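> Handing you this structure, nothing more for now.
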Amino acid sequence: METSELIQALPKAEQHIHIVGATRPETLLWLVEESGENTPYRTLGDVKEFFQYSDFTHFISVYSTVSKFITDESQFERITYEMLEDDARCNVRHVEASFSAPDHIRRGLDYGLMLDAINRGIRRARRDFGIGCQLRIDLVRNYGPEEGMEILGWIEGKGDNVVSVDIGGSEEGFPPEPYEPVYKRAKEKGLHLVAHAGEASGPESVWGAVRYLDVERIGHGTSAIRDPKLMDHLRDKEITVEACPVSNVRTNVVPSVRDHPIRTFYDHGISVTVNSDDPSMFGTDMNNEYIQLHEQLGFTVSELFQISLNAVDSSFLPEKEKNDLRKTFISEYDDMVDQPLTLK
Ligand SMILES: [Zn+2]
């Protein structure tokens, strides 16, 4: 087996993927047609061009445009099912997907109906591909903590398959600190805590999420590279960094995968995972993320497998399921490397 085939065959878990950001280009064209709107996006070529970004702010504006084409709650079933089909193709077994509920509620869609449609997609994907998926609700920092608190009131936790809260959106201008009471309340409700931080802002944003929101994982965390004390803190407090290397290149957060701090984080002993973030919008998937780490940053197959295990260990699965998944991963890996192949 070639190294790239071996990497593709590694069992994986994904912690950081946005449902809307996983909308396939063909599915976007379907949504556009269903919306009845007159737009310049008619072909896959148009979509491809539309999915090019000058910077993070530009990306956010494209993402918002795609969100606007979702006009019926039931459309989330197809989007979610396809997201999981694509992840399953990369041998991903467990996903924690981010859903930016307020973006759609503000446009008149119903929270409960959207969750029902997403969970229908999840159940179908589990049946067809054996992949599991839980949800994290992105409160979208642009709308402020009061609205975040309101959304939190609707989350029923286990009842609706939601395991965590998150704040995505525009990091610049919307720091984490004001979300402290919202995160406190989320914790009381038994939800796990994650925040996007250190992607479009400096290390102070990661410090804010760590100190005020008590997060267990940081989405991106890229700028932590500029603060050795922060890297020590993430390692010592066992806060996982959900790295999204290709995403960071596409939005010009880093110039190339070769310049991505994930190698330094890993070598520093931080628990890092690798994730596709918005795979369709960034033209990536989990296999590509792993292969890029191998080719550009010299991650070996066993190091990549360690990243898979990190994603299981820091997942929000119940302890028993986590242990079972860990055992499955290890036995599959042992079978793989027992074969006569050229491991680097
Ligand atoms: Zn993200």
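By order of appearance in the structure tokens: chains A, B, ..., then residues from 1 within every chain, and ligands from 1 in the order shown.
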Would you kindly return, as a list in words, each protein, DNA or RNA residue with an atom no farther than 6 Å from any atom of range 105-120 of chain A, considering only C-alpha atoms and excluding same-chain residues fewer than 6 positions away?
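Residues meeting the cut-off are Glu73, Ser74, Phe76, Glu77 and Thr80 of chain A.
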> Please dump the current selection as a JSON list (two decimals), in the first residue's frame; keep C-alpha atoms.

```json
[["chain", "number", "residue", "atom", "x", "y", "z"],
["A", 73, "GLU", "CA", -35.97, 23.67, 7.06],
["A", 74, "SER", "CA", -36.22, 20.29, 5.34],
["A", 76, "PHE", "CA", -30.94, 20.55, 5.96],
["A", 77, "GLU", "CA", -31.60, 16.81, 5.72],
["A", 80, "THR", "CA", -26.30, 16.97, 6.47]]
```
> Which residues form the shell of 8 Å around ligand 1 when you count only C-alpha atoms and all ligand atoms, given as a ChimeraX atom specification?
/A:16-18,98,168,196,219-220,244,277-278
> Please produce a file of those selected residues containing C-alpha atoms, as a compact mmCIF listing (two decimals), in the first residue's frame.

```
# COMPACT_ATOMS: atom_id res chain seq x y z
CA HIS A 16 -14.80 20.93 13.44
CA ILE A 17 -17.02 21.04 10.38
CA HIS A 18 -19.84 23.47 9.60
CA SER A 98 -21.32 22.95 14.00
CA GLY A 168 -18.11 31.31 15.27
CA HIS A 196 -13.56 29.68 17.59
CA GLY A 219 -11.50 26.11 17.11
CA HIS A 220 -8.41 26.99 15.01
CA CYS A 244 -8.09 23.44 10.15
CA ASP A 277 -13.99 23.23 8.64
CA ASP A 278 -15.98 24.09 5.48
```
> I'd like to know which residues of range 105-199 of chain A are helix (DSSP H, G or I) (by DSSP, run on the backbone); could you write them as a PyMOL selection string?
chain A and resi 105+111-129+141-143+145-154+157-160+177-188
> Find the residues around Leu44 in chain A up to 8 Å (only C-alpha atoms counted), leave out those fewer than 5 positions away in its own chain, and share them as a count of residues only.
3
> Pick out the residues sitting within 9 Å of Val272 in chain A, and hand them over as an mmCIF file with N, CA and C atoms, in the first residue's frame; count only C-alpha atoms, and ignore anything fewer than 5 positions along from it in its own chain.

```
data_model
loop_
_atom_site.group_PDB
_atom_site.id
_atom_site.type_symbol
_atom_site.label_atom_id
_atom_site.label_comp_id
_atom_site.auth_asym_id
_atom_site.auth_seq_id
_atom_site.Cartn_x
_atom_site.Cartn_y
_atom_site.Cartn_z
ATOM 1 N N ILE A 239 -6.191 21.468 26.793
ATOM 2 C CA ILE A 239 -7.210 22.071 25.930
ATOM 3 C C ILE A 239 -6.828 21.720 24.487
ATOM 4 N N THR A 240 -7.756 21.078 23.795
ATOM 5 C CA THR A 240 -7.461 20.611 22.439
ATOM 6 C C THR A 240 -7.579 21.747 21.433
ATOM 7 N N VAL A 241 -6.647 21.765 20.483
ATOM 8 C CA VAL A 241 -6.710 22.732 19.383
ATOM 9 C C VAL A 241 -7.248 22.010 18.154
ATOM 10 N N GLU A 242 -8.408 22.463 17.684
ATOM 11 C CA GLU A 242 -8.999 21.895 16.462
ATOM 12 C C GLU A 242 -8.410 22.647 15.282
ATOM 13 N N ALA A 243 -7.316 22.130 14.739
ATOM 14 C CA ALA A 243 -6.669 22.818 13.620
ATOM 15 C C ALA A 243 -7.414 22.548 12.313
ATOM 16 N N ILE A 262 0.458 23.866 13.182
ATOM 17 C CA ILE A 262 0.064 22.562 13.744
ATOM 18 C C ILE A 262 1.271 21.681 14.093
ATOM 19 N N PHE A 265 2.598 22.989 17.388
ATOM 20 C CA PHE A 265 1.665 22.623 18.468
ATOM 21 C C PHE A 265 1.850 21.148 18.837
ATOM 22 N N TYR A 266 1.901 20.321 17.816
ATOM 23 C CA TYR A 266 2.036 18.872 18.039
ATOM 24 C C TYR A 266 3.338 18.570 18.791
ATOM 25 N N ILE A 307 -3.133 11.788 15.871
ATOM 26 C CA ILE A 307 -4.104 12.884 15.711
ATOM 27 C C ILE A 307 -5.533 12.323 15.694
ATOM 28 N N ASN A 310 -6.355 11.580 19.207
ATOM 29 C CA ASN A 310 -6.640 12.825 19.940
ATOM 30 C C ASN A 310 -8.095 13.243 19.715
ATOM 31 N N ALA A 311 -8.552 13.076 18.458
ATOM 32 C CA ALA A 311 -9.922 13.495 18.114
ATOM 33 C C ALA A 311 -10.955 12.619 18.810
#
```
> Residues at most 12 Å from Ser247 in chain A, counting only C-alpha atoms, excluding those fewer than 5 positions away in the same chain, as a ChimeraX atom specification?
/A:16-18,21,51-53,55-56,59,199-200,219-220,222,242,252-257,260,274-286,288-289
> Using backbone DSSP assignments, extract all strand (DSSP E or B) residues from range 105-177 of chain A; output them as a list of chain:residue names.
A:Gly132, A:Cys133, A:Gln134, A:Leu135, A:Arg136, A:Ile137, A:Asp138, A:Val162, A:Val163, A:Ser164, A:Val165, A:Asp166
> Give me, as a Markdown table, the closest atom pair and its distance (Å, one decimal) for every residue of range 235-325 of chain A within a cut-off of 12 Å of range 149-166 of chain A, counting only C-alpha atoms, rows sorted by chain and rising number.

```
| residue | atom | partner | partner_atom | distance |
| --- | --- | --- | --- | --- |
| A:Ser315 | CA | A:Val163 | CA | 10.0 |
| A:Phe316 | CA | A:Val163 | CA | 6.8 |
| A:Leu317 | CA | A:Val163 | CA | 8.5 |
| A:Pro318 | CA | A:Val163 | CA | 10.2 |
```
> Interatomic distance between CA of Asp313 in chain A and CA of Arg326 in chain A?
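Computed distance, CA of Asp313 in chain A to CA of Arg326 in chain A, equals 7.6 Å.
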> Might you pull out every residue within 10 Å of Gln292 in chain A, with only C-alpha atoms counted and same-chain residues fewer than 5 positions away left off, and present them as an NGL selection string?
:A and (245-246 or 257-258 or 286-287 or 297-299)
> Keeping only N, CA and C atoms, write those residues as a short mmCIF file (atom, residue, chain, number, x, y, z; two decimals), in the first residue's frame.

```cif
data_model
loop_
_atom_site.label_atom_id
_atom_site.label_comp_id
_atom_site.auth_asym_id
_atom_site.auth_seq_id
_atom_site.Cartn_x
_atom_site.Cartn_y
_atom_site.Cartn_z
N PRO A 245 -6.04 23.26 8.78
CA PRO A 245 -4.95 23.83 7.99
C PRO A 245 -5.36 24.39 6.61
N VAL A 246 -6.08 23.61 5.82
CA VAL A 246 -6.41 24.10 4.47
C VAL A 246 -7.32 25.33 4.55
N VAL A 257 0.28 25.56 3.88
CA VAL A 257 0.22 24.51 4.91
C VAL A 257 1.59 24.35 5.58
N ARG A 258 2.63 24.54 4.76
CA ARG A 258 3.99 24.45 5.28
C ARG A 258 4.24 25.43 6.44
N MET A 286 -11.25 15.39 4.64
CA MET A 286 -10.37 14.91 5.70
C MET A 286 -9.16 14.16 5.16
N ASN A 287 -9.33 13.42 4.07
CA ASN A 287 -8.16 12.74 3.49
C ASN A 287 -7.13 13.76 3.05
N LEU A 297 4.25 18.92 5.98
CA LEU A 297 4.80 19.14 7.33
C LEU A 297 5.46 17.89 7.91
N GLY A 298 5.58 16.87 7.08
CA GLY A 298 6.33 15.69 7.49
C GLY A 298 5.69 14.82 8.57
N PHE A 299 4.39 14.94 8.76
CA PHE A 299 3.74 14.06 9.73
C PHE A 299 3.81 12.62 9.23
#
```
